[in-house]
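S.K.: I'm passing along upload_27.cif; it holds mmCIF, C-alpha atoms and all ligand atoms.
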```cif
data_query
loop_
_atom_site.label_atom_id
_atom_site.label_comp_id
_atom_site.auth_asym_id
_atom_site.auth_seq_id
_atom_site.Cartn_x
_atom_site.Cartn_y
_atom_site.Cartn_z
CA MET J 1 20.75 3.92 -2.32
CA SER J 2 22.24 0.96 -4.07
CA SER J 3 21.18 -2.46 -2.96
CA PHE J 4 21.36 -6.13 -3.63
CA PHE J 5 18.27 -5.66 -5.72
CA ASP J 6 19.91 -3.07 -7.91
CA ARG J 7 22.82 -5.34 -8.53
CA VAL J 8 20.59 -8.24 -9.42
CA PHE J 9 18.84 -6.09 -11.98
CA GLY J 10 22.03 -4.66 -13.30
CA ARG J 11 20.51 -1.35 -12.49
CA SER J 12 22.83 1.53 -13.13
CA GLY J 13 22.09 2.98 -9.71
CA LYS J 14 22.20 6.52 -10.97
CA GLY J 15 20.72 8.46 -13.78
CA GLY J 16 17.40 6.62 -13.77
CA SER J 17 14.40 8.65 -12.75
CA SER J 18 13.47 6.07 -10.13
CA VAL J 19 16.21 7.40 -7.86
CA LYS J 20 14.59 10.80 -7.99
CA ALA J 21 11.19 9.25 -7.39
CA LYS J 22 12.42 7.47 -4.30
CA GLU J 23 14.07 10.58 -2.89
CA ARG J 24 10.98 12.66 -3.47
CA LEU J 25 8.76 10.04 -1.91
CA GLN J 26 10.88 9.77 1.18
CA PHE J 27 10.75 13.52 1.60
CA ILE J 28 7.01 13.72 1.01
CA LEU J 29 6.14 10.84 3.30
CA VAL J 30 8.11 11.99 6.27
CA HIS J 31 6.23 15.30 6.17
CA ASP J 32 2.89 13.58 5.56
CA ARG J 33 3.39 11.33 8.52
CA ILE J 34 3.97 14.12 11.02
CA ASN J 35 1.52 16.41 9.31
CA LEU J 36 4.06 19.22 9.16
CA PRO J 37 4.70 20.78 5.77
CA PRO J 38 8.29 21.70 4.82
CA GLU J 39 7.71 25.44 5.33
CA ARG J 40 6.52 24.94 8.89
CA LEU J 41 9.43 22.65 9.59
CA GLU J 42 11.80 25.44 8.57
CA GLU J 43 10.06 27.82 10.95
CA MET J 44 10.33 25.29 13.72
CA LYS J 45 14.03 24.78 13.09
CA ALA J 46 14.68 28.51 13.18
CA GLU J 47 12.83 28.76 16.45
CA ILE J 48 14.71 25.87 18.01
CA LEU J 49 17.99 27.50 17.01
CA LYS J 50 16.90 30.82 18.42
CA VAL J 51 16.17 29.26 21.78
CA ILE J 52 19.47 27.39 21.90
CA SER J 53 21.37 30.50 20.84
CA LYS J 54 20.02 32.31 23.87
CA TYR J 55 22.17 30.07 26.01
CA VAL J 56 25.15 29.03 23.93
CA SER J 57 26.65 30.22 20.73
CA VAL J 58 25.84 27.91 17.91
CA ASP J 59 28.00 27.16 14.92
CA SER J 60 25.15 27.85 12.56
CA ASP J 61 27.12 26.84 9.48
CA HIS J 62 27.07 23.24 10.57
CA VAL J 63 23.65 22.88 12.08
CA ASP J 64 21.73 19.91 10.77
CA ILE J 65 18.14 19.43 11.89
CA ALA J 66 16.24 16.98 9.78
CA LEU J 67 13.37 14.57 9.76
CA GLN J 68 14.30 10.95 9.49
CA LYS J 69 12.34 7.76 9.21
CA ARG J 70 13.13 4.51 10.93
CA GLU J 71 10.79 1.83 9.72
CA ARG J 72 7.51 3.70 9.78
CA SER J 73 8.31 6.06 12.65
CA PRO J 74 9.45 9.61 12.03
CA TYR J 75 12.14 11.26 14.15
CA LEU J 76 13.52 14.75 14.38
CA VAL J 77 17.26 14.40 14.46
CA ALA J 78 19.32 17.45 15.33
CA GLU J 79 23.03 18.04 15.20
CA ILE J 80 23.78 21.43 16.65
CA PRO J 81 27.48 22.13 17.10
CA PHE J 82 28.57 24.98 19.35
CA GLN J 83 30.82 27.73 18.18
CA LYS J 84 34.46 27.09 18.96
CA THR J 85 35.78 29.60 21.39
CA VAL J 86 37.38 32.25 19.25
CA GLU J 87 40.77 33.54 20.27
CA ALA J 88 41.46 37.19 19.95
CA PRO J 89 43.40 37.97 16.75
CA ASP J 90 46.55 39.12 18.58
CA ASP J 91 48.13 36.73 21.07
CA ASP J 92 46.59 38.31 24.04
CA GLU J 93 46.64 35.45 26.51
CA SER J 94 44.98 37.27 29.34
CA THR J 95 41.38 37.05 28.19
CA PRO J 96 40.03 34.33 26.01
CA ALA J 97 37.21 35.65 23.93
CA PRO J 98 33.88 35.08 25.59
CA PRO J 99 31.53 32.85 23.65
CA LYS J 100 29.41 35.67 22.37
CA PRO J 101 28.04 35.30 18.89
CA ALA J 102 27.19 38.96 18.61
CA ASP J 103 30.71 40.13 17.83
CA PRO J 104 30.56 41.32 14.24
CA ALA J 105 34.32 41.70 13.99
CA ASP J 106 34.90 38.05 14.77
CA LYS J 107 32.92 36.30 12.18
CA PRO J 108 29.99 37.19 10.04
CA LYS J 109 27.09 35.34 11.45
CA PRO J 110 25.12 33.56 8.83
CA GLN J 111 21.42 32.95 9.27
CA MET R 1 -7.60 -19.93 14.89
CA ALA R 2 -6.22 -19.28 11.44
CA ALA R 3 -9.36 -20.29 9.62
CA ASN R 4 -7.73 -20.74 6.30
CA GLY R 5 -4.19 -21.66 7.07
CA GLY R 6 -2.70 -24.89 5.97
CA GLU R 7 -2.15 -26.51 2.62
CA ALA R 8 -3.84 -25.58 -0.60
CA GLY R 9 -7.45 -26.47 -0.93
CA SER R 10 -7.48 -28.83 1.98
CA LYS R 11 -9.35 -26.72 4.45
CA ARG R 12 -13.02 -27.31 4.68
CA THR R 13 -13.24 -27.25 8.40
CA ALA R 14 -13.12 -23.49 8.66
CA GLN R 15 -15.75 -22.04 10.90
CA ARG R 16 -14.87 -18.48 10.22
CA ALA R 17 -14.06 -17.06 6.82
CA LYS R 18 -11.19 -14.69 6.48
CA VAL R 19 -12.35 -11.23 5.41
CA VAL R 20 -9.89 -9.65 3.01
CA THR R 21 -10.35 -6.03 1.94
CA ILE R 22 -8.60 -4.71 -1.16
CA THR R 23 -7.93 -1.00 -0.89
CA SER R 24 -5.49 1.60 -2.23
CA GLY R 25 -6.04 5.25 -1.45
CA LYS R 26 -5.45 6.42 -4.99
CA GLY R 27 -8.06 5.49 -7.56
CA GLY R 28 -7.52 3.42 -10.65
CA VAL R 29 -4.50 1.45 -9.46
CA GLY R 30 -6.16 -1.95 -9.86
CA LYS R 31 -8.26 -2.76 -6.78
CA THR R 32 -11.23 -4.15 -8.66
CA THR R 33 -9.00 -6.10 -11.03
CA THR R 34 -7.17 -7.53 -8.04
CA ALA R 35 -10.36 -8.39 -6.16
CA ALA R 36 -11.84 -10.18 -9.17
CA ASN R 37 -8.70 -12.14 -9.92
CA VAL R 38 -7.90 -13.09 -6.36
CA GLY R 39 -11.51 -14.19 -5.88
CA VAL R 40 -11.41 -16.36 -8.98
CA ALA R 41 -7.98 -17.71 -8.10
CA LEU R 42 -9.24 -18.78 -4.68
CA ALA R 43 -12.31 -20.40 -6.22
CA ARG R 44 -10.07 -22.35 -8.59
CA VAL R 45 -8.47 -24.08 -5.65
CA ASN R 46 -11.85 -24.97 -4.20
CA GLN R 47 -12.21 -22.20 -1.72
CA ARG R 48 -15.71 -20.95 -1.02
CA VAL R 49 -15.61 -17.25 -1.79
CA VAL R 50 -18.04 -14.38 -1.44
CA MET R 51 -17.01 -11.14 -3.09
CA ILE R 52 -18.57 -7.87 -2.00
CA ASP R 53 -18.45 -4.75 -4.12
CA ALA R 54 -18.32 -1.91 -1.61
CA ASP R 55 -17.97 0.78 -4.28
CA ILE R 56 -21.55 1.97 -4.04
CA GLY R 57 -22.53 4.31 -6.82
CA LEU R 58 -19.68 3.16 -9.05
CA ARG R 59 -20.14 -0.54 -9.23
CA ASN R 60 -17.58 -2.35 -11.34
CA LEU R 61 -16.78 -5.73 -9.93
CA ASP R 62 -19.86 -7.29 -11.57
CA ILE R 63 -18.60 -6.23 -14.98
CA ILE R 64 -15.04 -7.44 -14.49
CA MET R 65 -16.49 -10.76 -13.28
CA GLY R 66 -18.93 -10.97 -16.18
CA LEU R 67 -21.95 -11.10 -13.89
CA GLU R 68 -23.61 -7.78 -14.70
CA ASN R 69 -26.64 -9.34 -16.40
CA ARG R 70 -27.60 -11.46 -13.44
CA ILE R 71 -28.07 -8.74 -10.84
CA VAL R 72 -31.46 -8.65 -9.17
CA TYR R 73 -30.67 -7.32 -5.71
CA ASP R 74 -27.65 -5.47 -4.39
CA LEU R 75 -25.86 -4.63 -1.16
CA VAL R 76 -28.13 -1.68 -0.36
CA ASP R 77 -31.21 -3.86 -0.87
CA VAL R 78 -29.80 -6.19 1.77
CA VAL R 79 -29.02 -3.36 4.18
CA GLU R 80 -32.44 -1.80 3.74
CA GLY R 81 -34.23 -5.09 4.14
CA ARG R 82 -35.69 -5.46 0.66
CA CYS R 83 -34.18 -8.91 0.26
CA LYS R 84 -32.42 -11.64 2.15
CA LEU R 85 -28.65 -11.78 1.98
CA ARG R 86 -28.86 -15.00 -0.03
CA GLN R 87 -30.95 -13.36 -2.69
CA ALA R 88 -28.29 -10.74 -3.37
CA MET R 89 -25.55 -13.35 -3.85
CA ILE R 90 -24.94 -14.02 -7.53
CA LYS R 91 -23.44 -17.42 -8.17
CA HIS R 92 -20.66 -17.63 -10.74
CA LYS R 93 -21.27 -19.95 -13.68
CA GLN R 94 -17.92 -21.72 -13.70
CA PHE R 95 -17.38 -21.78 -9.95
CA PRO R 96 -20.39 -22.94 -7.98
CA GLU R 97 -18.88 -21.73 -4.73
CA LEU R 98 -17.98 -18.23 -5.92
CA TYR R 99 -20.53 -15.53 -5.23
CA LEU R 100 -20.76 -11.80 -5.78
CA ILE R 101 -22.80 -9.31 -3.80
CA PRO R 102 -22.94 -6.33 -6.15
CA ALA R 103 -22.94 -2.69 -5.12
CA ALA R 104 -25.93 -0.46 -5.78
CA GLN R 105 -25.34 1.76 -8.76
CA THR R 106 -27.81 4.54 -8.05
CA ARG R 107 -27.12 5.23 -4.39
CA ASP R 108 -24.25 6.82 -2.54
CA LYS R 109 -21.87 5.41 0.02
CA THR R 110 -23.84 6.62 3.02
CA ALA R 111 -26.56 4.07 2.24
CA VAL R 112 -24.32 1.53 4.01
CA SER R 113 -22.58 1.90 7.37
CA PRO R 114 -19.49 0.19 8.76
CA ALA R 115 -21.75 -1.63 11.23
CA ASP R 116 -23.85 -2.95 8.33
CA MET R 117 -20.71 -4.34 6.72
CA VAL R 118 -19.62 -6.03 9.90
CA GLN R 119 -23.04 -7.60 10.26
CA ILE R 120 -23.14 -8.87 6.69
CA ALA R 121 -19.65 -10.29 6.96
CA ASP R 122 -20.54 -12.01 10.20
CA GLN R 123 -23.55 -13.65 8.58
CA LEU R 124 -21.34 -15.01 5.83
CA ARG R 125 -18.37 -16.11 7.89
CA SER R 126 -19.65 -19.54 8.73
CA GLU R 127 -20.59 -20.31 5.15
CA CYS R 128 -17.41 -19.62 3.25
CA ASP R 129 -13.63 -19.56 3.41
CA PHE R 130 -12.97 -16.07 2.10
CA ILE R 131 -14.90 -12.83 1.88
CA ILE R 132 -13.21 -10.46 -0.55
CA ILE R 133 -14.24 -6.81 -0.37
CA ASP R 134 -13.52 -4.40 -3.20
CA CYS R 135 -13.00 -0.98 -1.64
CA PRO R 136 -13.71 2.31 -3.39
CA ALA R 137 -10.94 4.87 -3.87
CA GLY R 138 -10.50 7.51 -1.22
CA ILE R 139 -10.54 7.60 2.55
CA GLU R 140 -14.15 8.48 3.22
CA ARG R 141 -17.24 6.49 4.10
CA GLY R 142 -16.76 3.84 1.43
CA PHE R 143 -13.28 3.10 2.76
CA ARG R 144 -14.57 2.95 6.33
CA ASN R 145 -17.28 0.54 5.24
CA ALA R 146 -14.85 -1.72 3.42
CA ILE R 147 -12.28 -1.99 6.19
CA ALA R 148 -14.70 -2.33 9.09
CA PRO R 149 -15.06 -6.13 8.88
CA ALA R 150 -11.55 -6.81 7.50
CA ASP R 151 -9.27 -9.42 9.06
CA GLU R 152 -6.68 -8.66 6.48
CA VAL R 153 -6.18 -5.56 4.34
CA LEU R 154 -4.33 -5.63 1.05
CA ILE R 155 -3.17 -2.30 -0.31
CA VAL R 156 -2.75 -2.06 -4.05
CA THR R 157 -0.32 0.47 -5.41
CA ASN R 158 1.48 1.23 -8.63
CA PRO R 159 5.20 1.93 -8.66
CA GLU R 160 4.60 5.66 -8.95
CA VAL R 161 5.16 8.52 -6.53
CA SER R 162 1.53 9.60 -6.15
CA ALA R 163 0.14 6.08 -5.72
CA VAL R 164 2.78 5.16 -3.14
CA ARG R 165 2.12 8.35 -1.24
CA ASP R 166 -1.58 7.58 -1.01
CA ALA R 167 -0.82 4.00 0.01
CA ASP R 168 1.23 5.39 2.89
CA ARG R 169 -1.71 7.46 4.01
CA ILE R 170 -3.89 4.36 4.07
CA ILE R 171 -1.28 2.45 6.06
CA GLY R 172 -1.27 5.26 8.61
CA LEU R 173 -5.07 5.21 8.86
CA LEU R 174 -5.10 1.45 9.33
CA GLU R 175 -2.46 1.70 12.03
CA ALA R 176 -4.60 4.24 13.82
CA GLU R 177 -7.51 1.77 13.65
CA ASN R 178 -5.36 -0.95 15.17
CA LYS R 179 -5.97 -3.22 12.22
CA ASN R 180 -3.59 -6.10 11.51
CA PRO R 181 -0.62 -4.81 9.52
CA ALA R 182 -1.66 -4.37 5.91
CA LYS R 183 0.10 -6.15 3.09
CA LEU R 184 1.14 -4.67 -0.19
CA ILE R 185 0.39 -5.55 -3.81
CA ILE R 186 2.47 -3.69 -6.36
CA ASN R 187 0.55 -3.68 -9.61
CA ARG R 188 1.56 -2.74 -13.15
CA VAL R 189 5.27 -3.32 -12.69
CA LYS R 190 7.19 -2.95 -15.93
CA ALA R 191 10.28 -5.07 -15.70
CA ASP R 192 12.17 -3.31 -18.48
CA MET R 193 11.65 0.11 -16.91
CA VAL R 194 12.73 -1.15 -13.50
CA ARG R 195 15.85 -2.58 -15.04
CA LYS R 196 16.68 0.75 -16.65
CA GLY R 197 16.20 2.48 -13.32
CA ASP R 198 13.21 4.37 -14.64
CA MET R 199 10.57 2.83 -12.42
CA LEU R 200 10.49 2.31 -8.68
CA SER R 201 11.35 -1.32 -8.06
CA PRO R 202 9.28 -3.53 -5.77
CA GLU R 203 12.08 -3.26 -3.26
CA ASP R 204 12.12 0.54 -3.45
CA VAL R 205 8.41 0.58 -2.69
CA THR R 206 8.51 -1.88 0.20
CA ASP R 207 11.55 -0.08 1.54
CA ILE R 208 9.67 3.21 1.59
CA LEU R 209 6.37 1.88 2.93
CA ALA R 210 7.93 -0.59 5.36
CA ILE R 211 5.19 -3.20 5.12
CA LYS R 212 5.13 -6.81 3.96
CA ILE R 213 4.54 -7.55 0.32
CA ILE R 214 2.06 -10.17 -0.81
CA GLY R 215 2.08 -9.69 -4.57
CA ILE R 216 3.93 -8.24 -7.52
CA VAL R 217 1.77 -8.04 -10.62
CA PRO R 218 3.30 -7.12 -13.95
CA GLU R 219 1.77 -4.74 -16.44
CA ASP R 220 -0.06 -7.07 -18.80
CA ASP R 221 -2.32 -6.32 -21.76
CA ALA R 222 -4.19 -9.51 -20.96
CA VAL R 223 -5.72 -7.67 -17.99
CA VAL R 224 -7.55 -5.39 -20.38
CA THR R 225 -8.63 -8.09 -22.84
CA SER R 226 -9.90 -10.31 -20.07
CA SER R 227 -11.80 -7.43 -18.51
CA ASN R 228 -13.36 -6.79 -21.90
CA ALA R 229 -14.59 -10.37 -21.91
CA GLY R 230 -15.71 -10.39 -18.28
CA MET R 231 -13.39 -13.31 -17.57
CA PRO R 232 -10.73 -12.46 -14.97
CA LEU R 233 -7.45 -13.71 -16.31
CA ALA R 234 -6.72 -15.77 -13.24
CA MET R 235 -9.30 -18.17 -14.71
CA THR R 236 -6.91 -19.32 -17.40
CA GLU R 237 -3.27 -20.28 -17.51
CA ASN R 238 -0.68 -18.57 -19.65
CA SER R 239 -0.67 -15.02 -18.49
CA ARG R 240 1.93 -13.49 -16.25
CA ALA R 241 -0.48 -11.27 -14.36
CA GLY R 242 -2.87 -14.20 -13.90
CA GLN R 243 -0.09 -16.24 -12.37
CA ALA R 244 0.74 -13.36 -10.04
CA TYR R 245 -2.88 -13.25 -8.86
CA ARG R 246 -2.97 -17.00 -8.33
CA ASP R 247 0.17 -16.69 -6.23
CA ILE R 248 -1.45 -13.98 -4.11
CA ALA R 249 -4.40 -16.30 -3.53
CA ARG R 250 -2.12 -19.08 -2.32
CA ARG R 251 -0.27 -16.71 0.00
CA LEU R 252 -3.61 -15.66 1.44
CA MET R 253 -4.21 -19.32 2.19
CA GLY R 254 -1.00 -19.39 4.17
CA GLU R 255 1.26 -21.02 1.63
CA GLN R 256 4.82 -19.92 1.14
CA VAL R 257 4.96 -19.06 -2.53
CA PRO R 258 8.23 -17.72 -3.83
CA PHE R 259 7.90 -14.71 -6.06
CA ALA R 260 9.98 -16.61 -8.59
CA GLN R 261 6.91 -18.16 -10.09
CA VAL R 262 6.04 -15.10 -12.06
CA GLU R 263 8.36 -14.84 -14.92
CA GLU R 264 9.00 -13.13 -18.15
CA PRO R 265 11.52 -13.96 -20.83
CA SER R 266 14.25 -11.80 -19.34
CA GLY R 267 14.05 -13.70 -16.10
CA PHE R 268 13.25 -10.57 -14.16
CA PHE R 269 10.76 -12.18 -11.87
CA LYS R 270 12.76 -15.32 -11.54
CA ARG R 271 15.61 -13.43 -9.99
CA LEU R 272 13.22 -11.38 -7.95
CA GLY R 273 12.14 -14.62 -6.36
CA ARG R 274 15.46 -15.10 -4.70
CA ILE R 275 15.08 -11.83 -2.91
CA PHE R 276 11.51 -12.04 -1.71
CA GLY R 277 11.10 -15.79 -1.71
CA GLY R 278 10.29 -17.56 1.47
CA ASN R 279 9.12 -14.70 3.61
N1 LIG O 1 -1.58 -5.36 -14.21
C1 LIG O 1 -2.25 -4.59 -15.08
N2 LIG O 1 -1.84 -4.51 -16.37
C2 LIG O 1 -2.53 -3.73 -17.26
N3 LIG O 1 -3.62 -3.01 -16.95
C3 LIG O 1 -4.07 -3.04 -15.68
C4 LIG O 1 -3.42 -3.84 -14.69
N4 LIG O 1 -4.11 -3.69 -13.52
C5 LIG O 1 -5.13 -2.85 -13.79
N5 LIG O 1 -5.13 -2.45 -15.07
C6 LIG O 1 -6.09 -1.54 -15.72
O1 LIG O 1 -6.16 -0.35 -14.94
C7 LIG O 1 -7.48 0.17 -14.95
C8 LIG O 1 -7.97 0.39 -13.52
O2 LIG O 1 -8.12 -0.86 -12.87
P1 LIG O 1 -9.21 -1.09 -11.74
O3 LIG O 1 -10.55 -0.69 -12.22
O4 LIG O 1 -9.03 -2.47 -11.26
O5 LIG O 1 -8.70 -0.05 -10.66
P2 LIG O 1 -9.43 0.39 -9.31
O6 LIG O 1 -8.35 0.64 -8.34
O7 LIG O 1 -10.47 -0.58 -8.94
O8 LIG O 1 -10.12 1.75 -9.76
P3 LIG O 1 -11.18 2.63 -8.90
O9 LIG O 1 -10.36 3.38 -7.89
O10 LIG O 1 -11.80 3.53 -9.90
O11 LIG O 1 -12.14 1.67 -8.26
C9 LIG O 1 -8.32 -0.83 -15.72
O12 LIG O 1 -8.52 -0.34 -17.02
C10 LIG O 1 -7.50 -2.08 -15.72
O13 LIG O 1 -7.74 -2.87 -16.87
MG MG O 2 -12.58 -0.25 -8.47
#
```
Would you mind writing the structure in this file as structure tokens?
M.R.:
Amino acid sequence: MSSFFDRVFGRSGKGGSSVKAKERLQFILVHDRINLPPERLEEMKAEILKVISKYVSVDSDHVDIALQKRERSPYLVAEIPFQKTVEAPDDDESTPAPPKPADPADKPKPQ
Amino acid sequence: MAANGGEAGSKRTAQRAKVVTITSGKGGVGKTTTAANVGVALARVNQRVVMIDADIGLRNLDIIMGLENRIVYDLVDVVEGRCKLRQAMIKHKQFPELYLIPAAQTRDKTAVSPADMVQIADQLRSECDFIIIDCPAGIERGFRNAIAPADEVLIVTNPEVSAVRDADRIIGLLEAENKNPAKLIINRVKADMVRKGDMLSPEDVTDILAIKIIGIVPEDDAVVTSSNAGMPLAMTENSRAGQAYRDIARRLMGEQVPFAQVEEPSGFFKRLGRIFGGN
């Protein structure tokens, strides 16, 4: 992230290894602070999605569940869009497709 | 009841010294160097200072201060009742109101408890303006001992991923203890590398750790030469790191010292001052 400070220093803002260092640190610290290693976080995300998918169909391509830090406090921020209702391929107006994810013909479900 | 607030060197009315603990998490980042220099810098402006080396088993502060030949008793002797507190306080030659209580070299950290440290600090509070405690690396007993009596904790870090990570751990532990918010000293900053984007800048580090900064100390060969001589470089003028330590001392006394006062030819620290100055 570029800042006043970077400009004052004439810092290139990219390329330098400090950018990498900062990114890595932010990642490490957010996990340290909640005492949840990245692997476990992935498991937790999968489980959250599984529960939600029991009730609604989730657009799993665009799910974004991530840890964030505001000041020194960590948050779990989730953006979980629902699947758009898929119309049947021919213009059959009588029955809109039910929001079932388990229709393999509709769309390959990534996960 | 800010015992040591107010203008430089003018406070003699203090009833209670401020206990300042210098810690870090990661080892070798410059705690002992910082403790020695901040202690000397405070003594230079007529503060009465007692330094305590809490790194039992690995005592160092006596050497950096050039007082290693004068040790008779140490902290553990005090705790175990072999001497009076006074007898373990080594007076500095140049500064008659600067004292060091050395650590024991042949014992381990369990020889002292946090309650012992609180008691010793309380005995000293009425007799001096600052008690500076040099904390050992790590988060075990030695750390607990060093922070127990602290009014203020200064966390030393280097602008490197591992050191900043460990500093964050310490901040978390201090928060859990309900200590006053710790303040940060970033040591061994290399201006040219920061400028090239190859070293975390002081702002990067404070941004990540989200605590107040009280000092930015440049990498400086004079730190090593002065340690060799047992004369902390804050004793003399003309070194950039020494100036940074003197500035930290003044901030501890409640002065507003802009970071601009540390400088190198490129003007790196001068410009830095405009960012951090006045807060
Ligand atoms: N600003 C600096 N510039 C150059 N060298 C430095 C600087 N600060 C510290 N050093 C060097 O780094 C080394 C470690 O410093 P120091 O002993 O103060 O660290 P420490 O945190 O007390 O270590 P430990 O965790 O072992 O107690 C020393 O050799 C010291 O001279
Ligand atoms: Mg040390």
S.K.: Go through range 63-179 of chain R and flag each residue having an atom no more than 10 Å from range 29-40 of chain J; for those, report the closest pair of atoms plus their distance in Å to one decimal, using only C-alpha atoms, ordered by chain and rising number, as a Markdown table.
M.R.:
```
| residue | atom | partner | partner_atom | distance |
| --- | --- | --- | --- | --- |
| R:Val164 | CA | J:Leu29 | CA | 9.2 |
| R:Arg165 | CA | J:Leu29 | CA | 6.6 |
| R:Asp166 | CA | J:Leu29 | CA | 9.4 |
| R:Asp168 | CA | J:Leu29 | CA | 7.3 |
| R:Arg169 | CA | J:Asp32 | CA | 7.8 |
| R:Gly172 | CA | J:Arg33 | CA | 7.7 |
```
S.K.: If we count all atoms listed in the file and set the cut-off at 8 Å, which residues sit around Arg44 in chain R, ignoring sequence neighbours fewer than 3 positions away in its own chain? Please answer as a PyMOL selection string.
M.R.: chain R and resi 40-41+47+95+235
S.K.: Let me see the file: selected residues, C-alpha atoms, as a PDB file, in the coordinates of the input.
M.R.:
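So the final result, stored in again13.pdb, reads:
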```pdb
ATOM      1  CA  VAL R  40     -11.410 -16.360  -8.980  1.00  0.00           C
ATOM      2  CA  ALA R  41      -7.980 -17.710  -8.100  1.00  0.00           C
ATOM      3  CA  GLN R  47     -12.210 -22.200  -1.720  1.00  0.00           C
ATOM      4  CA  PHE R  95     -17.380 -21.780  -9.950  1.00  0.00           C
ATOM      5  CA  MET R 235      -9.300 -18.170 -14.710  1.00  0.00           C
TER       6      MET R 235
END
```
S.K.: Excluding range 122-133 of chain R and its own-chain neighbours fewer than 4 positions away, which residues fall within 7 Å of it when counting all atoms listed in the file? Please give them as a PyMOL selection string.
M.R.: chain R and resi 4+14-22+35+39+47-54+118+146
S.K.: Using only C-alpha atoms and all ligand atoms, what are the residues with an atom within 7 Å of ligand LIG 1 (chain O), set out as a ChimeraX atom specification?
M.R.: /R:24,26-34,136-137,187-188,217-221,223-224,227,241
S.K.: With distances taken over all atoms listed in the file, which of J:Lys45, J:His62, J:Lys54, J:Lys22 is nearest to chain R?
M.R.: J:Lys22
S.K.: For each of J:Asp64, J:Glu47, J:Glu71, J:Asp59, take the minimum atom-to-atom distance to chain R, counting all atoms listed in the file, then give the residue where this is smallest.
M.R.: J:Glu71
S.K.: For chain R, which residue out of J:Val56, J:Ala66, J:Leu76, J:Ala21 is the nearest one, using all atoms listed in the file?
M.R.: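 For chain R, the nearest of the candidates is J:Ala21.
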S.K.: Set up a box along x, y and z of the file covering all listed atoms of range 153-160 of chain R, add 5 Å on every one of the six sides, and write the centre and edge lengths in Å to one decimal, as AutoDock Vina command-line options.
M.R.:
```
--center_x -0.5 --center_y 0.0 --center_z -2.3 --size_x 21.4 --size_y 21.3 --size_z 23.3
```
